[in-house]
Each structure stands twice: as structure tokens, then as C-alpha cells.
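start-v5.cif (mmCIF, C-alpha atoms)
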data_model
loop_
_atom_site.group_PDB
_atom_site.id
_atom_site.type_symbol
_atom_site.label_atom_id
_atom_site.label_comp_id
_atom_site.auth_asym_id
_atom_site.auth_seq_id
_atom_site.Cartn_x
_atom_site.Cartn_y
_atom_site.Cartn_z
ATOM 1 C CA MET A 1 -23.069 -106.686 -58.611
ATOM 2 C CA LYS A 2 -26.456 -106.455 -56.892
ATOM 3 C CA LEU A 3 -25.687 -109.081 -54.242
ATOM 4 C CA PRO A 4 -22.368 -107.565 -53.049
ATOM 5 C CA LEU A 5 -24.015 -104.131 -52.929
ATOM 6 C CA THR A 6 -26.878 -105.500 -50.832
ATOM 7 C CA VAL A 7 -24.431 -107.197 -48.478
ATOM 8 C CA CYS A 8 -22.422 -103.982 -48.099
ATOM 9 C CA LEU A 9 -25.508 -101.911 -47.354
ATOM 10 C CA THR A 10 -26.731 -104.440 -44.812
ATOM 11 C CA TRP A 11 -23.325 -104.530 -43.131
ATOM 12 C CA ALA A 12 -23.191 -100.744 -43.031
ATOM 13 C CA LEU A 13 -26.590 -100.530 -41.349
ATOM 14 C CA LEU A 14 -25.661 -103.160 -38.792
ATOM 15 C CA TYR A 15 -22.337 -101.484 -38.122
ATOM 16 C CA THR A 16 -24.052 -98.133 -37.625
ATOM 17 C CA ALA A 17 -26.581 -99.632 -35.225
ATOM 18 C CA GLU A 18 -23.932 -101.476 -33.224
ATOM 19 C CA SER A 19 -21.653 -98.465 -32.958
ATOM 20 C CA LEU A 20 -24.275 -95.881 -31.955
ATOM 21 C CA HIS A 21 -23.468 -94.102 -28.715
ATOM 22 C CA CYS A 22 -26.088 -92.432 -26.524
ATOM 23 C CA HIS A 23 -26.179 -90.542 -23.259
ATOM 24 C CA VAL A 24 -27.595 -92.598 -20.384
ATOM 25 C CA CYS A 25 -28.792 -91.162 -17.076
ATOM 26 C CA LYS A 26 -27.019 -92.048 -13.857
ATOM 27 C CA ASN A 27 -29.716 -90.683 -11.527
ATOM 28 C CA GLU A 28 -33.470 -89.972 -11.539
ATOM 29 C CA MET A 29 -33.290 -86.328 -12.663
ATOM 30 C CA CYS A 30 -30.473 -87.115 -15.105
ATOM 31 C CA SER A 31 -28.154 -84.437 -13.727
ATOM 32 C CA ASN A 32 -25.292 -86.830 -14.416
ATOM 33 C CA THR A 33 -24.969 -88.875 -17.625
ATOM 34 C CA THR A 34 -22.499 -91.154 -19.299
ATOM 35 C CA SER A 35 -22.071 -92.096 -22.961
ATOM 36 C CA VAL A 36 -22.527 -95.788 -23.706
ATOM 37 C CA GLN A 37 -22.378 -97.934 -26.814
ATOM 38 C CA CYS A 38 -25.854 -99.204 -27.639
ATOM 39 C CA PRO A 39 -26.658 -102.860 -28.341
ATOM 40 C CA ALA A 40 -27.571 -103.773 -31.900
ATOM 41 C CA THR A 41 -31.298 -103.853 -31.087
ATOM 42 C CA ARG A 42 -31.276 -100.217 -29.901
ATOM 43 C CA LEU A 43 -31.164 -98.147 -33.071
ATOM 44 C CA MET A 44 -31.578 -94.616 -31.728
ATOM 45 C CA CYS A 45 -31.031 -92.306 -28.799
ATOM 46 C CA GLN A 46 -33.968 -91.084 -26.727
ATOM 47 C CA THR A 47 -34.596 -88.284 -24.252
ATOM 48 C CA ILE A 48 -37.880 -88.089 -22.380
ATOM 49 C CA THR A 49 -39.107 -85.814 -19.598
ATOM 50 C CA SER A 50 -42.157 -87.209 -17.800
ATOM 51 C CA VAL A 51 -44.648 -85.684 -15.379
ATOM 52 C CA ARG A 52 -46.967 -87.963 -13.411
ATOM 53 C CA GLY A 53 -49.563 -86.597 -11.060
ATOM 54 C CA THR A 54 -52.315 -87.939 -8.822
ATOM 55 C CA GLY A 55 -54.286 -85.431 -6.786
ATOM 56 C CA SER A 56 -51.854 -82.878 -5.379
ATOM 57 C CA SER A 57 -48.823 -85.146 -5.785
ATOM 58 C CA THR A 58 -46.636 -84.648 -8.873
ATOM 59 C CA THR A 59 -43.342 -86.275 -9.832
ATOM 60 C CA VAL A 60 -40.968 -85.288 -12.635
ATOM 61 C CA THR A 61 -38.418 -87.692 -14.104
ATOM 62 C CA VAL A 62 -35.877 -87.370 -16.906
ATOM 63 C CA ASN A 63 -34.573 -90.335 -18.866
ATOM 64 C CA LYS A 64 -31.898 -90.585 -21.554
ATOM 65 C CA GLN A 65 -31.089 -93.919 -23.111
ATOM 66 C CA CYS A 66 -30.518 -96.128 -26.117
ATOM 67 C CA SER A 67 -33.944 -96.911 -27.508
ATOM 68 C CA SER A 68 -35.744 -99.359 -29.746
ATOM 69 C CA LEU A 69 -37.977 -98.398 -32.664
ATOM 70 C CA LEU A 70 -40.935 -99.614 -30.608
ATOM 71 C CA SER A 71 -40.353 -97.090 -27.830
ATOM 72 C CA CYS A 72 -39.739 -94.188 -30.213
ATOM 73 C CA PHE A 73 -43.204 -93.957 -31.742
ATOM 74 C CA THR A 74 -43.050 -90.149 -32.032
ATOM 75 C CA PRO A 75 -41.699 -88.463 -35.214
ATOM 76 C CA LEU A 76 -37.944 -88.895 -35.517
ATOM 77 C CA GLY A 77 -35.912 -85.832 -34.603
ATOM 78 C CA VAL A 78 -38.961 -83.836 -33.528
ATOM 79 C CA GLU A 79 -39.632 -82.818 -29.936
ATOM 80 C CA THR A 80 -43.126 -84.180 -29.277
ATOM 81 C CA GLU A 81 -45.438 -83.830 -26.290
ATOM 82 C CA TRP A 82 -48.200 -86.307 -25.484
ATOM 83 C CA SER A 83 -50.341 -86.927 -22.449
ATOM 84 C CA VAL A 84 -53.330 -88.756 -21.014
ATOM 85 C CA ASN A 85 -55.458 -86.906 -18.466
ATOM 86 C CA LEU A 86 -58.199 -88.482 -16.348
ATOM 87 C CA GLY A 87 -58.622 -85.389 -14.204
ATOM 88 C CA TYR A 88 -57.777 -87.134 -10.950
ATOM 89 C CA SER A 89 -54.667 -88.572 -12.597
ATOM 90 C CA ARG A 90 -52.457 -87.322 -15.436
ATOM 91 C CA GLU A 91 -49.315 -88.483 -17.192
ATOM 92 C CA ALA A 92 -47.493 -86.275 -19.706
ATOM 93 C CA HIS A 93 -44.269 -86.714 -21.667
ATOM 94 C CA ALA A 94 -41.942 -84.620 -23.806
ATOM 95 C CA GLN A 95 -39.867 -86.898 -26.025
ATOM 96 C CA ILE A 96 -37.340 -86.767 -28.828
ATOM 97 C CA CYS A 97 -35.553 -89.619 -30.607
ATOM 98 C CA CYS A 98 -32.503 -89.211 -32.854
ATOM 99 C CA LEU A 99 -30.010 -91.277 -34.822
ATOM 100 C CA THR A 100 -26.535 -89.762 -34.342
ATOM 101 C CA ASP A 101 -23.970 -90.382 -31.636
ATOM 102 C CA ASN A 102 -24.843 -88.725 -28.320
ATOM 103 C CA CYS A 103 -27.598 -86.677 -29.947
ATOM 104 C CA ASN A 104 -29.737 -86.945 -26.793
ATOM 105 C CA SER A 105 -27.612 -84.660 -24.633
ATOM 106 C CA ARG A 106 -30.263 -81.945 -24.210
ATOM 107 C CA THR A 107 -32.790 -82.238 -21.387
ATOM 108 C CA LEU A 108 -36.326 -81.399 -22.517
ATOM 109 C CA PRO A 109 -38.545 -79.026 -20.520
ATOM 110 C CA THR A 110 -41.557 -80.418 -18.694
ATOM 111 C CA PRO A 111 -44.722 -80.744 -20.824
ATOM 112 C CA SER A 112 -47.141 -77.822 -20.748
ATOM 113 C CA SER A 113 -49.885 -77.798 -18.117
ATOM 114 C CA PHE A 114 -51.737 -74.688 -19.331
ATOM 115 C CA MET A 115 -55.426 -75.027 -20.198
ATOM 116 C CA ASN A 116 -55.947 -75.032 -23.970
ATOM 117 C CA GLY A 117 -59.680 -74.273 -24.132
ATOM 118 C CA LYS A 118 -60.821 -77.813 -24.926
ATOM 119 C CA VAL A 119 -63.230 -79.642 -22.617
ATOM 120 C CA CYS A 120 -63.954 -83.376 -22.288
ATOM 121 C CA PRO A 121 -66.306 -85.590 -20.235
ATOM 122 C CA ALA A 122 -64.534 -87.047 -17.203
ATOM 123 C CA CYS A 123 -64.860 -88.842 -13.880
ATOM 124 C CA ALA A 124 -64.429 -86.845 -10.674
ATOM 125 C CA SER A 125 -62.460 -89.605 -8.941
ATOM 126 C CA SER A 126 -61.134 -93.129 -9.322
ATOM 127 C CA ALA A 127 -64.108 -94.288 -7.232
ATOM 128 C CA ASP A 128 -66.468 -92.825 -9.834
ATOM 129 C CA SER A 129 -64.453 -94.552 -12.569
ATOM 130 C CA SER A 130 -64.810 -97.868 -10.771
ATOM 131 C CA SER A 131 -68.561 -97.446 -10.273
ATOM 132 C CA GLY A 132 -69.116 -96.033 -13.766
ATOM 133 C CA THR A 133 -70.947 -92.958 -12.438
ATOM 134 C CA CYS A 134 -69.107 -90.160 -14.226
ATOM 135 C CA ASN A 135 -70.882 -86.872 -14.945
ATOM 136 C CA THR A 136 -68.290 -84.103 -14.758
ATOM 137 C CA THR A 137 -66.124 -82.324 -17.337
ATOM 138 C CA LEU A 138 -62.391 -81.739 -17.575
ATOM 139 C CA ASN A 139 -60.448 -78.766 -18.943
ATOM 140 C CA CYS A 140 -57.746 -80.187 -21.203
ATOM 141 C CA VAL A 141 -54.198 -78.866 -20.869
ATOM 142 C CA GLY A 142 -51.024 -78.804 -22.924
ATOM 143 C CA ALA A 143 -51.031 -81.107 -25.950
ATOM 144 C CA GLU A 144 -54.364 -82.757 -25.073
ATOM 145 C CA ASP A 145 -56.533 -82.056 -28.109
ATOM 146 C CA SER A 146 -58.946 -85.001 -28.131
ATOM 147 C CA CYS A 147 -61.311 -86.787 -25.743
ATOM 148 C CA PHE A 148 -61.297 -90.516 -25.076
ATOM 149 C CA ASN A 149 -63.588 -93.042 -23.434
ATOM 150 C CA GLY A 150 -63.629 -96.754 -22.785
ATOM 151 C CA ASN A 151 -63.346 -99.484 -20.185
ATOM 152 C CA THR A 152 -60.408 -101.382 -18.753
ATOM 153 C CA THR A 153 -60.333 -105.172 -18.516
ATOM 154 C CA SER A 154 -61.682 -104.771 -14.962
ATOM 155 C CA ASN A 155 -64.636 -102.720 -16.304
ATOM 156 C CA MET A 156 -63.323 -99.429 -14.938
ATOM 157 C CA LEU A 157 -64.771 -96.515 -16.929
ATOM 158 C CA LEU A 158 -62.106 -94.223 -18.380
ATOM 159 C CA LEU A 159 -62.913 -90.702 -19.588
ATOM 160 C CA GLY A 160 -60.697 -87.703 -20.166
ATOM 161 C CA CYS A 161 -58.350 -85.779 -22.434
ATOM 162 C CA VAL A 162 -55.643 -87.259 -24.627
ATOM 163 C CA THR A 163 -53.157 -86.140 -27.260
ATOM 164 C CA ARG A 164 -54.681 -86.902 -30.657
ATOM 165 C CA TYR A 165 -51.350 -88.301 -31.854
ATOM 166 C CA LEU A 166 -52.016 -91.319 -29.643
ATOM 167 C CA CYS A 167 -55.124 -91.979 -31.731
ATOM 168 C CA SER A 168 -52.955 -92.860 -34.734
ATOM 169 C CA PRO A 169 -52.894 -96.515 -35.852
ATOM 170 C CA GLY A 170 -49.216 -96.885 -34.940
ATOM 171 C CA ALA A 171 -49.712 -95.731 -31.364
ATOM 172 C CA ALA A 172 -52.810 -97.906 -31.007
ATOM 173 C CA ILE A 173 -50.851 -100.957 -32.139
ATOM 174 C CA LEU A 174 -48.097 -100.224 -29.615
ATOM 175 C CA ALA A 175 -50.547 -99.894 -26.771
ATOM 176 C CA MET A 176 -52.319 -103.120 -27.716
ATOM 177 C CA LEU A 177 -48.989 -104.883 -27.321
ATOM 178 C CA ALA A 178 -49.069 -103.641 -23.725
ATOM 179 C CA ASN A 179 -52.354 -105.547 -23.291
ATOM 180 C CA TYR A 180 -54.664 -102.573 -22.852
ATOM 181 C CA PRO A 181 -58.244 -102.563 -24.110
ATOM 182 C CA SER A 182 -59.200 -100.417 -27.070
ATOM 183 C CA ILE A 183 -60.437 -96.957 -26.195
ATOM 184 C CA THR A 184 -62.261 -94.619 -28.557
ATOM 185 C CA CYS A 185 -60.974 -91.137 -29.308
ATOM 186 C CA GLU A 186 -63.560 -88.430 -29.850
ATOM 187 C CA ALA A 187 -63.677 -84.705 -30.531
ATOM 188 C CA PRO A 188 -63.502 -82.357 -27.547
ATOM 189 C CA LEU A 189 -66.830 -80.758 -26.647
ATOM 190 C CA SER A 190 -65.549 -77.515 -28.162
ATOM 191 C CA VAL A 191 -64.366 -79.070 -31.448
ATOM 192 C CA SER A 192 -66.035 -81.169 -34.183
ATOM 193 C CA ILE A 193 -63.636 -83.738 -35.627
ATOM 194 C CA SER A 194 -63.455 -87.510 -35.899
ATOM 195 C CA ALA A 195 -60.572 -89.633 -34.627
ATOM 196 C CA MET A 196 -59.411 -93.241 -34.753
ATOM 197 C CA LEU A 197 -58.759 -95.884 -32.091
ATOM 198 C CA VAL A 198 -56.478 -95.319 -29.130
ATOM 199 C CA THR A 199 -55.535 -97.347 -26.104
ATOM 200 C CA LEU A 200 -54.670 -95.869 -22.745
ATOM 201 C CA ALA A 201 -51.040 -94.745 -22.537
ATOM 202 C CA LEU A 202 -50.670 -93.981 -18.829
ATOM 203 C CA THR A 203 -48.012 -96.686 -18.493
ATOM 204 C CA LEU A 204 -47.172 -97.315 -22.161
ATOM 205 C CA HIS A 205 -43.743 -95.767 -22.114
ATOM 206 C CA LYS A 206 -42.719 -97.539 -18.901
ATOM 207 C CA ILE A 207 -43.754 -100.916 -20.368
ATOM 208 C CA LEU A 208 -42.139 -100.539 -23.798
ATOM 209 C CA VAL A 209 -38.809 -98.990 -22.775
#

Using C-alpha cells, write down the structure from this file.
Amino acid sequence: MKLPLTVCLTWALLYTAESLHCHVCKNEMCSNTTSVQCPATRLMCQTITSVRGTGSSTTVTVNKQCSSLLSCFTPLGVETEWSVNLGYSREAHAQICCLTDNCNSRTLPTPSSFMNGKVCPACASSADSSSGTCNTTLNCVGAEDSCFNGNTTSNMLLLGCVTRYLCSPGAAILAMLANYPSITCEAPLSVSISAMLVTLALTLHKILV
């Protein structure tokens, strides 16, 4: 009886995955959506609100879609914010992934941009990052509760604030698949904790989706 039971369970899981329906955006701000049947490789629905800023320029985008397990690296069914902040450039996301039909109908608010009291070493500009002469500090905002530092493959120095969740092994593995160098997470100047490895996530979501 074990084999038929295994076959039935496997078929049920495949059937569920194939028949999942999710809302998908029809424009950039997702003011209009449609429900689609997801392919078998997309096992959950995802909603993500993203804020990307450089200098005084900021853009907000909303995306709803069928998603893979790889893209949904935040806790299932939990609205999660994460961001990477270089000071002169910041990218922040609010994301939720779920498993039931059309469960991604709600649009998430933009991630918080309020200062949270934590401070990290940073570079004043991309030119300073390129030259490696960074001697300023950055007030972390929103969900940024850890500092990070490292170098890109082009030897550009990266310093700033990051969400500690991205320091988890799972997130580090995902980012390494995107071909980014390893970056070390550290405690903010106002906090004394230790963290694990992280890799820069400024374009992680765009690459893995």
C-alpha cells in the first residue's frame, strides 16, 4: 500500500502546483490585474512592492505574479520588508508569498523609510566607492538592522545598511547564484551583535524572478 499512497500524494502535489492561480499585473503600478493559471514550476503567488532610489530620484513599482521557490526566500505567508542602502543608492522591498488561489490580491504598502537609530559606515558617493575612499556614516532606515561591507568583482568598495534577514545562509546562497561576491554583515555602530555572510541584493529580486 505504500507505493500507491506515495504515487497519490505526488500526483496531488503536482496537480495543486499546476492548478494554482495567481493575480498578475497588467501595468507597472499594478492598478489592473488578471488571474492566470501558473506553470508547474511556479508553486506560489507573490506580491512585491519595490522602491529604488538614487540621489533625489525614486521609483516605486508593484508586481504580482506566479513565483518560484527561489524567488520567495522570505517566510511564507508573512509580509516581510528587506532593503540594501548604500546612502547614495537604496533599494527596498515589501514582499509576501502564499500558496492558495489568487492569494496575492492585496497590494503591499511601500517599505518604511524612517530612520531607526542605527548607524553604519558608508561611502558618500559612487565615486568614493570606486576609489575606495569612504569615511562617512549612514543613518539606517526601515528594516535595515545590520551593516555590511565588501568589494564587487570590479573592486568597488561597498558599505552601508542592510536587513539582517539577508545575512541568513539561504539568502546568501540565492545571491551567490546571481554571481555576486560575498559581503560581510556586521553589527551597526549602535549595536553589538554578530552576523553571517550576505551578498549584495540590490538587483537580486530582478535577477531571480

Using only C-alpha atoms, determine which residues lie at most 6 Å from Val119 in chain A, disregarding the query and same-chain residues fewer than 2 positions distant; provide the list as JSON, numbers by chain. {"A": [138, 139, 140, 188, 189]}

Spatial neighbours of Gln37 in chain A, 7 Å, all atoms listed in the file, chain gap at least 5 places, as a ChimeraX atom specification: /A:19-22

How about saving the chosen residues, C-alpha atoms kept, as a PDB file, keeping the file's coordinate frame?
ATOM      1  CA  SER A  19     -21.653 -98.465 -32.958  1.00  0.00           C
ATOM      2  CA  LEU A  20     -24.275 -95.881 -31.955  1.00  0.00           C
ATOM      3  CA  HIS A  21     -23.468 -94.102 -28.715  1.00  0.00           C
ATOM      4  CA  CYS A  22     -26.088 -92.432 -26.524  1.00  0.00           C
TER       5      CYS A  22
END

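The shortest atom-to-atom distance to Arg164 in chain A, with only C-alpha atoms taken into account, belongs to A:Val84 out of A:Val60, A:Val84, A:Cys98, A:Leu108.
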
Taking the file above as input, evaluate the PyMOL selection byres ((chain A and resi 136) around 9) and report the hits as a PyMOL selection string. chain A and resi 120-124+134-135+137-138

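Minimum atom-to-atom distances from A:Ser105, A:Leu157, A:Met44, A:Glu91 to Asn32 in chain A were compared using all atoms listed in the file, and the lowest value belongs to A:Ser105.
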
Record the distance separating CA of Glu79 in chain A and CA of Lys64 in chain A, expressed in Å with one decimal. 13.8 Å

Give the answer as one residue: which of A:Cys103, A:Met115, A:Cys97, A:Cys167 has the shortest atom-to-atom distance to Leu69 in chain A, using only C-alpha atoms?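 Between A:Cys103, A:Met115, A:Cys97, A:Cys167, the residue approaching Leu69 in chain A most closely is A:Cys97.
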
Report the residues retrieved by the PyMOL selection byres ((chain A and resi 67) around 10) from the displayed file, expressed as a PyMOL selection string. chain A and resi 22+38-39+41-47+64-66+68-72+97-98+208-209

Where does the PyMOL selection byres ((chain A and resi 156) around 8) land in this file, that is, which residues does it pick, as a PDB file with C-alpha atoms, keeping the file's coordinate frame?
ATOM      1  CA  SER A 129     -64.453 -94.552 -12.569  1.00  0.00           C
ATOM      2  CA  SER A 130     -64.810 -97.868 -10.771  1.00  0.00           C
ATOM      3  CA  SER A 131     -68.561 -97.446 -10.273  1.00  0.00           C
ATOM      4  CA  GLY A 132     -69.116 -96.033 -13.766  1.00  0.00           C
ATOM      5  CA  ASN A 151     -63.346 -99.484 -20.185  1.00  0.00           C
ATOM      6  CA  THR A 152     -60.408-101.382 -18.753  1.00  0.00           C
ATOM      7  CA  THR A 153     -60.333-105.172 -18.516  1.00  0.00           C
ATOM      8  CA  SER A 154     -61.682-104.771 -14.962  1.00  0.00           C
ATOM      9  CA  ASN A 155     -64.636-102.720 -16.304  1.00  0.00           C
ATOM     10  CA  LEU A 157     -64.771 -96.515 -16.929  1.00  0.00           C
ATOM     11  CA  LEU A 158     -62.106 -94.223 -18.380  1.00  0.00           C
TER      12      LEU A 158
END

Return the single residue from A:Leu159, A:Leu86, A:Cys25, A:Leu99 that is closest to Val141 in chain A, with distances computed using all atoms listed in the file.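 When distances to Val141 in chain A are compared using all atoms listed in the file, the smallest one comes from A:Leu86.
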
For CA of Ser89 in chain A and CA of Thr107 in chain A, determine how far apart the two atoms are, in Å to one decimal place.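 Computing the Euclidean distance for CA of Ser89 in chain A and CA of Thr107 in chain A yields 24.4 Å.
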
What is the distance, in Å and to one decimal place, between CA of Thr49 in chain A and CA of Asn149 in chain A?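 That distance, rounded to one decimal, is 25.8 Å.
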
Of the residues A:Val24, A:Leu166, A:Ile96, A:Val36, which is the one nearest to Gly77 in chain A, using all atoms listed in the file? A:Ile96

Using all atoms listed in the file, pick whichever of A:Gly142, A:Gly55, A:Gly117, A:Pro75 has the shortest atom-to-atom distance to His93 in chain A.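 Of the candidates, the smallest distance to His93 in chain A is held by A:Gly142.
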
Exercise: Ser50 in chain A partners within 7 Å, all atoms listed in the file, chain neighbours under 3 positions left out, as a ChimeraX atom specification: /A:60-62,92-94,110
